[in-house]
$ cat data_31.cif   # mmCIF, C-alpha atoms
data_data
loop_
_atom_site.label_atom_id
_atom_site.label_comp_id
_atom_site.auth_asym_id
_atom_site.auth_seq_id
_atom_site.Cartn_x
_atom_site.Cartn_y
_atom_site.Cartn_z
CA MET A 1 18.35 -119.93 -73.16
CA ASP A 2 14.77 -120.16 -71.93
CA ARG A 3 14.55 -118.77 -68.39
CA ASN A 4 11.77 -121.21 -67.53
CA GLN A 5 13.56 -124.31 -68.83
CA GLN A 6 13.61 -127.03 -66.17
CA LEU A 7 16.91 -127.44 -64.36
CA ASN A 8 17.74 -131.14 -64.21
CA GLN A 9 20.55 -133.53 -65.09
CA GLU A 10 19.54 -133.60 -68.75
CA PHE A 11 19.71 -129.80 -68.88
CA PHE A 12 23.14 -129.66 -67.20
CA LEU A 13 24.61 -132.32 -69.48
CA GLU A 14 23.20 -130.62 -72.55
CA TYR A 15 24.79 -127.32 -71.52
CA PHE A 16 28.23 -128.87 -71.89
CA LYS A 17 27.41 -131.05 -74.88
CA GLN A 18 26.06 -128.11 -76.89
CA SER A 19 29.32 -126.28 -76.18
CA GLU A 20 31.36 -128.92 -78.02
CA LYS A 21 32.98 -127.76 -81.27
CA PRO A 22 34.94 -129.59 -83.98
CA SER A 23 38.59 -128.60 -84.14
CA SER A 24 37.96 -126.65 -87.34
CA GLN A 25 35.89 -124.20 -85.28
CA TRP A 26 38.21 -123.85 -82.31
CA ALA A 27 39.12 -120.32 -81.28
CA LEU A 28 40.67 -118.83 -78.18
CA GLY A 29 39.83 -115.92 -75.94
CA LEU A 30 41.98 -113.82 -73.65
CA GLU A 31 41.11 -111.80 -70.57
CA GLN A 32 43.27 -109.17 -68.89
CA GLU A 33 42.69 -107.11 -65.75
CA LEU A 34 44.35 -103.75 -65.06
CA ILE A 35 44.81 -101.62 -61.96
CA GLY A 36 44.46 -97.89 -62.49
CA ILE A 37 46.17 -95.51 -60.06
CA TRP A 38 46.63 -91.80 -59.56
CA THR A 39 50.29 -91.64 -60.51
CA ASP A 40 51.44 -89.04 -58.00
CA GLN A 41 49.47 -90.55 -55.12
CA ARG A 42 49.78 -94.29 -55.77
CA ARG A 43 46.09 -94.44 -54.93
CA ARG A 44 43.55 -96.52 -56.82
CA LEU A 45 41.31 -94.93 -59.43
CA SER A 46 37.79 -95.55 -58.21
CA PHE A 47 34.29 -95.77 -59.60
CA PRO A 48 32.59 -93.43 -60.30
CA GLU A 49 35.35 -90.90 -59.48
CA ALA A 50 37.34 -91.67 -62.63
CA VAL A 51 36.44 -95.03 -64.13
CA GLU A 52 32.82 -94.29 -65.07
CA GLY A 53 33.90 -91.28 -67.10
CA LEU A 54 36.56 -93.39 -68.79
CA LEU A 55 33.93 -95.89 -69.91
CA ALA A 56 31.79 -93.08 -71.27
CA SER A 57 34.75 -91.75 -73.24
CA PHE A 58 35.42 -95.18 -74.76
CA ALA A 59 31.81 -95.23 -75.96
CA GLU A 60 31.82 -91.67 -77.27
CA GLN A 61 35.18 -91.73 -79.04
CA TYR A 62 35.77 -95.32 -80.11
CA GLY A 63 32.37 -96.81 -80.81
CA TRP A 64 32.07 -99.10 -77.81
CA GLN A 65 28.52 -99.64 -76.65
CA GLY A 66 28.08 -98.80 -72.98
CA TYR A 67 25.59 -100.51 -70.69
CA LEU A 68 24.07 -99.40 -67.41
CA GLU A 69 23.31 -100.85 -64.01
CA GLY A 70 21.37 -98.82 -61.50
CA GLY A 71 21.62 -95.85 -63.83
CA ARG A 72 25.45 -95.97 -63.90
CA GLN A 73 27.60 -96.98 -66.83
CA VAL A 74 29.41 -100.13 -65.71
CA GLY A 75 30.65 -101.79 -68.89
CA LEU A 76 31.30 -101.75 -72.62
CA LYS A 77 30.77 -104.10 -75.55
CA LYS A 78 32.08 -104.08 -79.10
CA ASP A 79 32.35 -106.80 -81.75
CA GLY A 80 32.11 -109.62 -79.22
CA SER A 81 34.64 -108.11 -76.81
CA SER A 82 33.78 -106.43 -73.52
CA VAL A 83 35.24 -104.20 -70.83
CA THR A 84 33.86 -104.61 -67.31
CA ILE A 85 34.63 -103.26 -63.85
CA GLU A 86 35.82 -105.60 -61.10
CA PRO A 87 34.97 -105.04 -57.40
CA GLY A 88 37.93 -102.72 -56.70
CA SER A 89 37.54 -100.83 -60.01
CA GLN A 90 40.00 -103.06 -61.86
CA LEU A 91 39.40 -102.78 -65.59
CA GLU A 92 38.85 -106.15 -67.29
CA LEU A 93 39.08 -106.66 -71.04
CA SER A 94 37.53 -109.87 -72.37
CA CYS A 95 38.55 -110.40 -75.98
CA ALA A 96 36.17 -111.95 -78.45
CA PRO A 97 37.23 -115.47 -79.48
CA PHE A 98 39.74 -115.42 -82.34
CA LYS A 99 41.39 -118.09 -84.43
CA SER A 100 44.89 -116.64 -84.12
CA LEU A 101 47.08 -114.97 -81.56
CA GLY A 102 47.84 -112.27 -84.10
CA GLU A 103 44.21 -111.17 -84.04
CA ILE A 104 44.26 -111.01 -80.25
CA GLU A 105 47.50 -109.02 -80.37
CA ASN A 106 45.90 -106.49 -82.73
CA LEU A 107 42.92 -106.07 -80.41
CA LEU A 108 45.18 -105.65 -77.37
CA LYS A 109 47.25 -103.00 -79.14
CA THR A 110 44.13 -101.11 -80.22
CA TYR A 111 42.73 -101.24 -76.69
CA GLN A 112 46.07 -100.10 -75.28
CA SER A 113 46.30 -97.14 -77.65
CA GLN A 114 42.72 -96.09 -76.87
CA LEU A 115 43.33 -96.34 -73.12
CA GLN A 116 46.56 -94.39 -73.52
CA ALA A 117 44.79 -91.61 -75.43
CA LEU A 118 41.94 -91.39 -72.93
CA SER A 119 44.39 -91.19 -70.01
CA GLN A 120 46.37 -88.25 -71.41
CA GLY A 121 46.52 -85.31 -69.04
CA LYS A 122 44.62 -87.18 -66.31
CA GLY A 123 47.57 -88.21 -64.14
CA TRP A 124 46.64 -91.88 -64.43
CA THR A 125 48.81 -94.99 -64.70
CA TRP A 126 47.41 -98.37 -65.71
CA LEU A 127 49.36 -101.33 -64.36
CA SER A 128 49.16 -104.82 -65.84
CA ILE A 129 50.33 -106.54 -62.66
CA GLY A 130 49.05 -109.43 -60.57
CA TYR A 131 48.41 -107.57 -57.32
CA ASP A 132 48.06 -103.96 -56.19
CA PRO A 133 51.57 -103.04 -55.01
CA PHE A 134 50.46 -100.12 -52.87
CA GLN A 135 47.04 -100.48 -51.23
CA ILE A 136 45.34 -103.12 -49.09
CA PRO A 137 41.69 -104.10 -49.65
CA GLU A 138 40.38 -102.00 -46.77
CA GLU A 139 41.76 -98.86 -48.44
CA ILE A 140 40.06 -99.52 -51.79
CA GLU A 141 36.49 -98.43 -52.45
CA TRP A 142 33.90 -100.92 -53.64
CA VAL A 143 32.38 -100.50 -57.05
CA PRO A 144 28.75 -99.69 -56.12
CA LYS A 145 27.25 -102.98 -57.22
CA LYS A 146 25.19 -104.66 -54.54
CA ARG A 147 26.30 -108.14 -55.59
CA TYR A 148 29.93 -107.21 -54.93
CA GLN A 149 29.07 -105.96 -51.48
CA VAL A 150 27.14 -109.15 -50.72
CA MET A 151 30.10 -111.26 -51.84
CA GLY A 152 32.41 -109.03 -49.83
CA GLU A 153 30.48 -109.79 -46.66
CA TYR A 154 30.19 -113.55 -47.17
CA LEU A 155 33.43 -114.72 -48.80
CA PRO A 156 35.80 -113.42 -46.08
CA THR A 157 34.10 -115.80 -43.66
CA LEU A 158 35.43 -118.63 -45.82
CA GLY A 159 39.01 -117.49 -46.45
CA LYS A 160 41.40 -114.68 -45.51
CA GLY A 161 42.33 -114.01 -49.13
CA ALA A 162 38.79 -113.30 -50.34
CA LEU A 163 38.82 -109.49 -50.14
CA HIS A 164 42.31 -109.46 -51.61
CA MET A 165 41.09 -111.58 -54.52
CA MET A 166 38.17 -109.26 -55.18
CA LYS A 167 39.87 -105.88 -54.79
CA THR A 168 43.61 -106.21 -55.31
CA THR A 169 44.29 -108.98 -57.84
CA CYS A 170 44.60 -108.90 -61.63
CA THR A 171 44.69 -112.06 -63.71
CA ALA A 172 45.53 -112.99 -67.28
CA GLN A 173 43.27 -115.77 -68.51
CA SER A 174 42.92 -117.78 -71.72
CA ASN A 175 39.85 -119.73 -72.84
CA PHE A 176 39.84 -122.82 -75.06
CA ASP A 177 37.22 -124.92 -76.84
CA TYR A 178 36.71 -128.67 -76.51
CA ALA A 179 35.43 -131.15 -79.09
CA SER A 180 33.90 -133.85 -76.89
CA GLU A 181 33.68 -135.05 -73.33
CA ALA A 182 36.86 -137.10 -73.78
CA ASP A 183 38.67 -134.07 -75.21
CA MET A 184 37.43 -131.93 -72.32
CA VAL A 185 38.79 -134.44 -69.80
CA LEU A 186 42.29 -134.38 -71.34
CA LYS A 187 42.32 -130.58 -71.49
CA MET A 188 40.98 -130.03 -67.98
CA ARG A 189 43.60 -132.40 -66.57
CA ALA A 190 46.42 -130.70 -68.45
CA ALA A 191 45.18 -127.20 -67.61
CA THR A 192 44.98 -128.12 -63.92
CA ALA A 193 48.18 -130.14 -63.55
CA PHE A 194 50.53 -127.78 -65.40
CA ALA A 195 49.02 -124.54 -64.09
CA PRO A 196 51.77 -124.19 -61.42
CA PHE A 197 54.37 -123.77 -64.16
CA LEU A 198 52.51 -120.70 -65.37
CA ASN A 199 52.40 -119.38 -61.79
CA ILE A 200 56.20 -119.55 -61.77
CA LEU A 201 56.87 -118.28 -65.29
CA PHE A 202 54.42 -115.38 -65.27
CA ALA A 203 54.70 -114.11 -61.68
CA THR A 204 54.63 -110.29 -61.56
CA SER A 205 53.33 -109.45 -58.09
CA PRO A 206 55.94 -109.57 -55.29
CA PHE A 207 54.78 -106.38 -53.54
CA THR A 208 52.15 -105.29 -51.05
CA GLN A 209 51.87 -101.88 -49.37
CA GLY A 210 55.04 -100.73 -51.11
CA GLN A 211 57.15 -103.53 -49.64
CA LEU A 212 58.18 -107.04 -50.58
CA ALA A 213 55.38 -109.52 -49.89
CA ASP A 214 57.59 -112.59 -49.34
CA CYS A 215 55.68 -114.16 -52.22
CA LYS A 216 56.49 -113.84 -55.91
CA SER A 217 52.83 -114.02 -56.87
CA ARG A 218 50.82 -112.22 -54.22
CA ARG A 219 47.87 -112.80 -56.56
CA GLY A 220 48.49 -116.53 -56.24
CA TRP A 221 48.51 -116.17 -52.45
CA ALA A 222 45.14 -114.38 -52.50
CA TRP A 223 43.51 -117.03 -54.66
CA ARG A 224 45.04 -119.84 -52.60
CA HIS A 225 43.51 -118.38 -49.43
CA MET A 226 40.15 -117.58 -50.90
CA SER A 227 37.20 -119.91 -50.13
CA PRO A 228 38.41 -123.51 -50.70
CA GLN A 229 34.85 -124.46 -51.62
CA HIS A 230 34.83 -122.02 -54.52
CA SER A 231 38.42 -122.16 -55.74
CA GLY A 232 41.60 -124.20 -55.86
CA PHE A 233 43.04 -127.38 -57.32
CA LEU A 234 40.30 -129.90 -58.19
CA ASP A 235 41.53 -133.39 -57.29
CA PHE A 236 38.54 -135.16 -58.85
CA VAL A 237 39.60 -133.98 -62.32
CA PHE A 238 42.21 -136.76 -62.20
CA ASP A 239 39.78 -139.55 -61.23
CA ASP A 240 39.08 -142.27 -63.77
CA ASP A 241 35.38 -141.41 -63.87
CA PHE A 242 35.85 -137.66 -64.39
CA GLY A 243 33.56 -136.17 -67.03
CA TYR A 244 30.65 -133.81 -67.37
CA GLN A 245 28.67 -135.51 -64.61
CA ARG A 246 31.43 -135.26 -62.02
CA TYR A 247 31.85 -131.57 -62.76
CA ILE A 248 28.09 -131.07 -62.49
CA ASP A 249 28.09 -132.81 -59.10
CA TYR A 250 30.85 -130.46 -57.94
CA ILE A 251 28.98 -127.36 -59.10
CA LEU A 252 25.73 -128.46 -57.46
CA ASP A 253 27.46 -128.68 -54.09
CA VAL A 254 29.31 -125.36 -54.23
CA PRO A 255 27.69 -122.73 -51.96
CA MET A 256 25.87 -120.06 -53.97
CA LEU A 257 26.88 -116.42 -53.70
CA VAL A 258 24.39 -114.05 -55.27
CA LEU A 259 21.80 -113.94 -58.06
CA GLU A 260 20.17 -110.98 -59.71
CA ARG A 261 16.63 -111.18 -61.05
CA ASP A 262 14.80 -108.24 -62.63
CA GLY A 263 17.03 -105.76 -60.82
CA GLU A 264 16.69 -107.42 -57.42
CA ILE A 265 19.71 -108.95 -55.67
CA PHE A 266 19.31 -112.23 -53.77
CA ASP A 267 21.95 -113.00 -51.14
CA PHE A 268 22.29 -116.78 -50.80
CA HIS A 269 25.05 -116.81 -48.17
CA GLY A 270 26.05 -120.40 -48.86
CA PHE A 271 22.73 -121.98 -49.88
CA ASP A 272 23.81 -124.78 -52.24
CA PHE A 273 22.57 -125.02 -55.82
CA LYS A 274 21.23 -128.54 -55.40
CA THR A 275 18.85 -127.42 -52.65
CA TYR A 276 17.93 -124.29 -54.60
CA ILE A 277 16.78 -126.43 -57.54
CA LYS A 278 14.58 -128.53 -55.30
CA GLU A 279 13.12 -125.85 -53.04
CA GLY A 280 13.73 -122.43 -54.59
CA PHE A 281 14.83 -119.59 -52.36
CA GLY A 282 12.07 -117.55 -50.78
CA SER A 283 10.10 -116.02 -53.65
CA LEU A 284 12.84 -116.89 -56.15
CA GLN A 285 12.40 -119.94 -58.35
CA PRO A 286 15.23 -121.55 -60.36
CA ALA A 287 15.78 -120.37 -63.93
CA ALA A 288 18.13 -121.54 -66.67
CA ASP A 289 20.32 -118.45 -66.52
CA ASP A 290 21.01 -119.15 -62.85
CA TRP A 291 23.11 -122.15 -63.88
CA LYS A 292 25.44 -119.98 -65.97
CA VAL A 293 25.75 -117.42 -63.18
CA HIS A 294 26.60 -120.10 -60.63
CA LEU A 295 29.21 -121.66 -62.93
CA GLY A 296 30.88 -118.25 -63.04
CA ALA A 297 30.85 -117.98 -59.24
CA THR A 298 33.32 -120.87 -58.89
CA PHE A 299 37.02 -120.18 -59.35
CA PRO A 300 39.10 -123.36 -59.66
CA VAL A 301 42.56 -123.50 -61.25
CA ALA A 302 40.91 -124.53 -64.52
CA ARG A 303 37.20 -123.81 -64.91
CA LEU A 304 34.74 -125.58 -67.18
CA ARG A 305 31.93 -123.60 -68.76
CA ASN A 306 31.17 -123.32 -72.46
CA ALA A 307 34.96 -123.26 -72.80
CA ILE A 308 37.89 -124.31 -70.61
CA GLU A 309 39.33 -121.33 -68.77
CA THR A 310 42.94 -121.26 -67.56
CA ARG A 311 43.13 -119.06 -64.48
CA THR A 312 46.57 -119.01 -62.82
CA CYS A 313 48.58 -116.22 -64.47
CA ASP A 314 49.39 -112.83 -63.04
CA ALA A 315 48.57 -109.98 -65.40
CA GLY A 316 51.77 -108.69 -66.97
CA PRO A 317 53.42 -107.12 -70.03
CA MET A 318 51.64 -107.57 -73.34
CA SER A 319 54.34 -109.97 -74.55
CA LEU A 320 53.52 -112.25 -71.62
CA LEU A 321 49.76 -111.89 -71.99
CA LEU A 322 50.24 -113.34 -75.45
CA GLY A 323 52.95 -115.72 -74.22
CA GLN A 324 50.70 -117.44 -71.70
CA ALA A 325 47.99 -117.86 -74.33
CA ALA A 326 50.54 -119.29 -76.75
CA LEU A 327 51.92 -121.68 -74.14
CA TRP A 328 48.49 -123.13 -73.47
CA LYS A 329 47.50 -123.13 -77.15
CA GLY A 330 50.52 -125.22 -78.09
CA ILE A 331 49.47 -127.84 -75.53
CA LEU A 332 45.67 -127.79 -75.64
CA TYR A 333 45.13 -127.38 -79.39
CA ASP A 334 47.61 -130.00 -80.60
CA GLN A 335 46.74 -133.65 -80.00
CA GLN A 336 50.33 -134.84 -79.81
CA SER A 337 51.19 -132.21 -77.20
CA LEU A 338 48.00 -132.88 -75.24
CA ASP A 339 48.71 -136.61 -75.19
CA TRP A 340 52.25 -135.91 -73.94
CA ALA A 341 50.86 -133.77 -71.10
CA ASN A 342 48.44 -136.48 -70.03
CA ASP A 343 51.15 -139.13 -70.24
CA GLN A 344 53.19 -137.06 -67.77
CA ILE A 345 50.16 -136.79 -65.48
CA ASP A 346 49.69 -140.56 -65.55
CA LYS A 347 53.39 -141.10 -64.89
CA LEU A 348 53.86 -138.59 -62.06
CA GLY A 349 50.44 -138.67 -60.40
CA LEU A 350 48.09 -136.22 -58.73
CA ALA A 351 50.19 -135.67 -55.60
CA TYR A 352 53.18 -134.49 -57.62
CA PHE A 353 51.26 -131.72 -59.36
CA LYS A 354 49.26 -130.75 -56.29
CA THR A 355 52.46 -130.27 -54.29
CA LEU A 356 53.84 -128.15 -57.11
CA HIS A 357 50.65 -126.07 -56.99
CA GLU A 358 51.06 -125.44 -53.26
CA LYS A 359 54.70 -124.37 -53.57
CA SER A 360 54.82 -122.49 -56.84
CA TYR A 361 52.94 -119.24 -56.30
CA CYS A 362 55.21 -117.95 -53.54
CA SER A 363 58.56 -119.64 -54.16
CA GLY A 364 58.64 -119.42 -57.94
CA PHE A 365 61.90 -120.54 -59.50
CA ASP A 366 63.44 -120.90 -56.03
CA TYR A 367 61.33 -124.01 -55.52
CA LEU A 368 62.72 -125.57 -58.68
CA LYS A 369 66.34 -125.23 -57.48
CA ASN A 370 65.82 -128.31 -55.33
CA GLN A 371 63.36 -129.98 -57.70
CA ARG A 372 65.43 -130.66 -60.80
CA ASP A 373 62.88 -133.10 -62.17
CA ALA A 374 60.21 -130.38 -62.09
CA GLU A 375 62.63 -127.92 -63.65
CA GLN A 376 63.30 -130.36 -66.49
CA LEU A 377 59.58 -130.98 -66.89
CA MET A 378 58.95 -127.23 -67.20
CA GLY A 379 61.55 -127.02 -69.95
CA ASP A 380 59.96 -129.99 -71.72
CA PHE A 381 56.53 -128.39 -71.34
CA ILE A 382 57.70 -125.25 -73.13
CA GLU A 383 59.40 -127.25 -75.90
CA VAL A 384 56.37 -129.48 -76.41
CA SER A 385 54.11 -126.42 -76.59
CA LYS A 386 56.38 -124.82 -79.18
CA ALA A 387 56.29 -127.96 -81.30
CA GLY A 388 52.51 -128.00 -80.98
CA LEU A 389 52.27 -124.41 -82.21
CA GLU A 390 54.51 -125.24 -85.15
CA ARG A 391 52.32 -128.19 -86.11
CA GLN A 392 49.29 -125.89 -86.07
CA GLY A 393 50.94 -124.00 -88.92
CA LEU A 394 49.96 -120.42 -88.06
CA GLY A 395 53.49 -119.14 -87.45
CA GLU A 396 52.81 -118.46 -83.77
CA SER A 397 55.81 -120.07 -82.07
CA HIS A 398 57.55 -116.67 -81.81
CA TYR A 399 55.05 -115.71 -79.10
CA LEU A 400 56.91 -118.14 -76.84
CA GLU A 401 60.24 -116.31 -77.15
CA PRO A 402 59.77 -114.20 -73.98
CA VAL A 403 58.66 -117.33 -72.11
CA GLU A 404 61.75 -119.19 -73.28
CA GLN A 405 63.89 -116.28 -72.11
CA ILE A 406 62.31 -116.32 -68.65
CA PHE A 407 62.97 -120.05 -68.37
CA SER A 408 66.54 -119.89 -69.69
CA GLN A 409 67.41 -117.16 -67.17
CA ARG A 410 65.30 -118.69 -64.37
CA GLN A 411 63.97 -115.19 -63.66
CA SER A 412 60.34 -114.14 -63.81
CA ILE A 413 59.22 -110.51 -63.89
CA ALA A 414 58.72 -110.88 -60.14
CA ASP A 415 62.36 -111.89 -59.70
CA LEU A 416 63.49 -108.85 -61.69
CA LEU A 417 61.23 -106.56 -59.67
CA ILE A 418 62.64 -107.94 -56.42
CA LEU A 419 66.17 -107.34 -57.72
CA GLY A 420 65.25 -103.78 -58.69
CA PHE A 421 63.75 -103.15 -55.26
CA HIS A 422 66.90 -104.37 -53.52
CA THR A 423 69.09 -102.14 -55.71
CA GLY A 424 67.09 -99.04 -54.89
CA GLN A 425 65.08 -98.55 -58.08
CA SER A 426 61.82 -96.66 -57.71
CA PHE A 427 58.53 -98.40 -58.45
CA GLU A 428 58.06 -96.10 -61.45
CA GLU A 429 61.46 -97.12 -62.85
CA MET A 430 60.88 -100.81 -62.24
CA PHE A 431 57.40 -100.90 -63.71
CA LYS A 432 58.41 -99.07 -66.89
CA LYS A 433 61.53 -101.18 -67.35
CA GLN A 434 59.56 -104.41 -67.00
CA GLN A 435 56.69 -103.08 -69.15
CA ILE A 436 54.21 -103.38 -66.31
CA VAL A 437 52.88 -99.93 -67.29
CA PHE A 438 50.18 -100.70 -69.86
CA ALA A 439 49.07 -97.08 -70.40
CA GLU A 440 49.57 -93.74 -68.67
CA GLY A 441 48.59 -90.10 -68.92
#

$ encode --input "data_31.cif" --output "structure tokens"
Amino acid sequence: MDRNQQLNQEFFLEYFKQSEKPSSQWALGLEQELIGIWTDQRRRLSFPEAVEGLLASFAEQYGWQGYLEGGRQVGLKKDGSSVTIEPGSQLELSCAPFKSLGEIENLLKTYQSQLQALSQGKGWTWLSIGYDPFQIPEEIEWVPKKRYQVMGEYLPTLGKGALHMMKTTCTAQSNFDYASEADMVLKMRAATAFAPFLNILFATSPFTQGQLADCKSRRGWAWRHMSPQHSGFLDFVFDDDFGYQRYIDYILDVPMLVLERDGEIFDFHGFDFKTYIKEGFGSLQPAADDWKVHLGATFPVARLRNAIETRTCDAGPMSLLLGQAALWKGILYDQQSLDWANDQIDKLGLAYFKTLHEKSYCSGFDYLKNQRDAEQLMGDFIEVSKAGLERQGLGESHYLEPVEQIFSQRQSIADLLILGFHTGQSFEEMFKKQQIVFAEG
């Protein structure tokens, strides 16, 4: 992308249009965040204390290519996949796009085995969990990236969950292609409307500071109380005129956070992108790459970039990392399933799904006890996804088995953790039993 390319409506529309792919080229990506702790202290591994050396070891022993910022190694790349460091030293794996879930599973298992080997003898435990169960944001050191510190000063003025989101949360995310504007509309609506079901099914984070948080997805709480201008449930996705232009209009009005240009950090503190295009910002003039950065600085339930990103799952056991990807794949990559989802949206309406979004992240399955229609719809959603996977013909419906089990028992990982806490199990026992421990040394 040419840095000096003019930013205008034609450019913005073309960004999305050039991202369209025929169904024969569709792939899916997966992202997982991990919290690393000193096992005997229940204290977060920090950067550079431990995490920078870990990245260097990945590069030296397993052929990942490290990259630097400010002279420090802050990330890794290999074969289209990457490992990056989040603001509180969470470790994020972004898988390269693959055609099949089996390929993603192989990459996850390789990554897990490498992380396990590199953690041996270190006294580390890596948790695939939605929220740090032990420490609050103020106790967790910042990764020394100036842009994180800038965001950490500005975002808390917009929402009480902002620092929690940055430092204590871990998400599992899947990314999906779209074939056309019309296809994008159907997928964005489905990915937004049905996201609360994934909040309920995949909740893993009922703890904060070693105690129950009164919320089955503390991660969901943090994101709900982050800046409403940058995150949340996008009502306009369900409007009749929704398309690329409506999403562009939304992005242009979202307050900017931070841009980096030639090593210099620019703190925008809420300057909107529309004004930036017209006037610039001090000595900084708009460039094409700024558009991609700003797209990534918005955090709605479903996010549109060069793919559609689903963003409402707690990180969890590997079986559920793959399960959430499978659940979405069965809906978004099968036309019959996608049409069913949009028929339900038309039938039930925006308010129904938005209410579900507001109630789901804390109440989980408890909310469904008095909402039998929603409970039935969740069951139908899983069945329709399974049928969609079967029609795709890749033998992937078995990835939904742990999801089906959660639904049949009406118990998420969070529910099982709460039960274990009440019966006196230690955190170490609970996390191992529920396969929250991704790797340990």

$ atom_distance --input "data_31.cif" --atom1 "atom CA of A:Phe176" --atom2 "atom CA of A:Ile308"
5.1 Å

$ closest_residue --input "data_31.cif" --among "A:Lys146, A:Lys17, A:Arg261, A:Lys160" --to "A:Met184" --atoms "all atoms listed in the file"
A:Lys17

$ residues_around --input "data_31.cif" --residues "A:Glu264" --least-positions-apart "4" --cutoff "12 Å" --atoms "only C-alpha atoms" --output "PyMOL selection string"
chain A and resi 69-70+145-147+258-260+283-284

$ write_last_selection --input "data_31.cif" --atoms "C-alpha atoms" --output "compact mmCIF listing (two decimals), in the frame of the given file"
# COMPACT_ATOMS: atom_id res chain seq x y z
CA GLU A 69 23.31 -100.85 -64.01
CA GLY A 70 21.37 -98.82 -61.50
CA LYS A 145 27.25 -102.98 -57.22
CA LYS A 146 25.19 -104.66 -54.54
CA ARG A 147 26.30 -108.14 -55.59
CA VAL A 258 24.39 -114.05 -55.27
CA LEU A 259 21.80 -113.94 -58.06
CA GLU A 260 20.17 -110.98 -59.71
CA SER A 283 10.10 -116.02 -53.65
CA LEU A 284 12.84 -116.89 -56.15

$ residues_around --input "data_31.cif" --residues "stretch 20-32 of chain A" --least-positions-apart "6" --cutoff "7 Å" --atoms "all atoms listed in the file" --output "list of chain:residue names"
A:Glu92, A:Leu93, A:Ser94, A:Cys95, A:Ala96, A:Pro97, A:Phe98, A:Lys99, A:Thr171, A:Ala172, A:Gln173, A:Ser174, A:Asn175, A:Phe176, A:Asp177, A:Tyr178, A:Ala179, A:Ser180, A:Ala315

$ write_last_selection --input "data_31.cif" --atoms "C-alpha atoms" --output "PDB file, in the frame of the given file"
ATOM      1  CA  GLU A  92      38.850-106.150 -67.290  1.00  0.00           C
ATOM      2  CA  LEU A  93      39.080-106.660 -71.040  1.00  0.00           C
ATOM      3  CA  SER A  94      37.530-109.870 -72.370  1.00  0.00           C
ATOM      4  CA  CYS A  95      38.550-110.400 -75.980  1.00  0.00           C
ATOM      5  CA  ALA A  96      36.170-111.950 -78.450  1.00  0.00           C
ATOM      6  CA  PRO A  97      37.230-115.470 -79.480  1.00  0.00           C
ATOM      7  CA  PHE A  98      39.740-115.420 -82.340  1.00  0.00           C
ATOM      8  CA  LYS A  99      41.390-118.090 -84.430  1.00  0.00           C
ATOM      9  CA  THR A 171      44.690-112.060 -63.710  1.00  0.00           C
ATOM     10  CA  ALA A 172      45.530-112.990 -67.280  1.00  0.00           C
ATOM     11  CA  GLN A 173      43.270-115.770 -68.510  1.00  0.00           C
ATOM     12  CA  SER A 174      42.920-117.780 -71.720  1.00  0.00           C
ATOM     13  CA  ASN A 175      39.850-119.730 -72.840  1.00  0.00           C
ATOM     14  CA  PHE A 176      39.840-122.820 -75.060  1.00  0.00           C
ATOM     15  CA  ASP A 177      37.220-124.920 -76.840  1.00  0.00           C
ATOM     16  CA  TYR A 178      36.710-128.670 -76.510  1.00  0.00           C
ATOM     17  CA  ALA A 179      35.430-131.150 -79.090  1.00  0.00           C
ATOM     18  CA  SER A 180      33.900-133.850 -76.890  1.00  0.00           C
ATOM     19  CA  ALA A 315      48.570-109.980 -65.400  1.00  0.00           C
TER      20      ALA A 315
END

$ resolve_selection --input "data_31.cif" --expression "the PyMOL selection byres ((chain A and resi 224-240) around 7)" --output "list of chain:residue names"
A:Leu155, A:Leu158, A:Gly159, A:Lys160, A:Gly161, A:Ala162, A:Arg189, A:Thr192, A:Gly220, A:Trp221, A:Ala222, A:Trp223, A:Asp241, A:Phe242, A:Val254, A:Thr298, A:Phe299, A:Pro300, A:Val301, A:Leu350

$ closest_residue --input "data_31.cif" --among "A:Ala193, A:Ile251, A:Leu212, A:Asp267" --to "A:Asn342" --atoms "all atoms listed in the file"
A:Ala193

$ residues_around --input "data_31.cif" --residues "A:Gln245" --least-positions-apart "2" --cutoff "10 Å" --atoms "all atoms listed in the file" --output "compact mmCIF listing (two decimals) with C-alpha atoms, in the coordinates of the input"
# COMPACT_ATOMS: atom_id res chain seq x y z
CA GLN A 9 20.55 -133.53 -65.09
CA PHE A 12 23.14 -129.66 -67.20
CA LEU A 13 24.61 -132.32 -69.48
CA PHE A 16 28.23 -128.87 -71.89
CA ASP A 241 35.38 -141.41 -63.87
CA PHE A 242 35.85 -137.66 -64.39
CA GLY A 243 33.56 -136.17 -67.03
CA TYR A 247 31.85 -131.57 -62.76
CA ILE A 248 28.09 -131.07 -62.49
CA ASP A 249 28.09 -132.81 -59.10
CA TYR A 250 30.85 -130.46 -57.94
CA ILE A 251 28.98 -127.36 -59.10

$ closest_residue --input "data_31.cif" --among "A:Gly130, A:Pro144, A:Pro206, A:Gly36" --to "A:Leu91" --atoms "all atoms listed in the file"
A:Gly36

$ resolve_selection --input "data_31.cif" --expression "the PyMOL selection byres ((chain A and resi 360) around 10)" --output "VMD selection string"
chain A and resid 195 to 201 203 215 to 217 220 to 221 354 to 359 361 to 368

$ residues_around --input "data_31.cif" --residues "A:Asp380" --least-positions-apart "5" --cutoff "12 Å" --atoms "only C-alpha atoms" --output "PyMOL selection string"
chain A and resi 194+197+327+331+337+340-341+344+373-375+385-387+404+407

$ residues_around --input "data_31.cif" --residues "A:Ala50" --least-positions-apart "6" --cutoff "10 Å" --atoms "all atoms listed in the file" --output "ChimeraX atom specification"
/A:36-38,44,89,122,124

$ decode --input "data_31.cif" --residues "stretch 94-98 of chain A" --atoms "C-alpha atoms" --output "short mmCIF file (atom, residue, chain, number, x, y, z; two decimals), in the first residue's frame"
data_model
loop_
_atom_site.label_atom_id
_atom_site.label_comp_id
_atom_site.auth_asym_id
_atom_site.auth_seq_id
_atom_site.Cartn_x
_atom_site.Cartn_y
_atom_site.Cartn_z
CA SER A 94 -2.03 -15.13 15.38
CA CYS A 95 -2.25 -18.16 13.12
CA ALA A 96 -1.74 -17.82 9.40
CA PRO A 97 -4.99 -18.33 7.45
CA PHE A 98 -5.66 -22.01 6.76
#
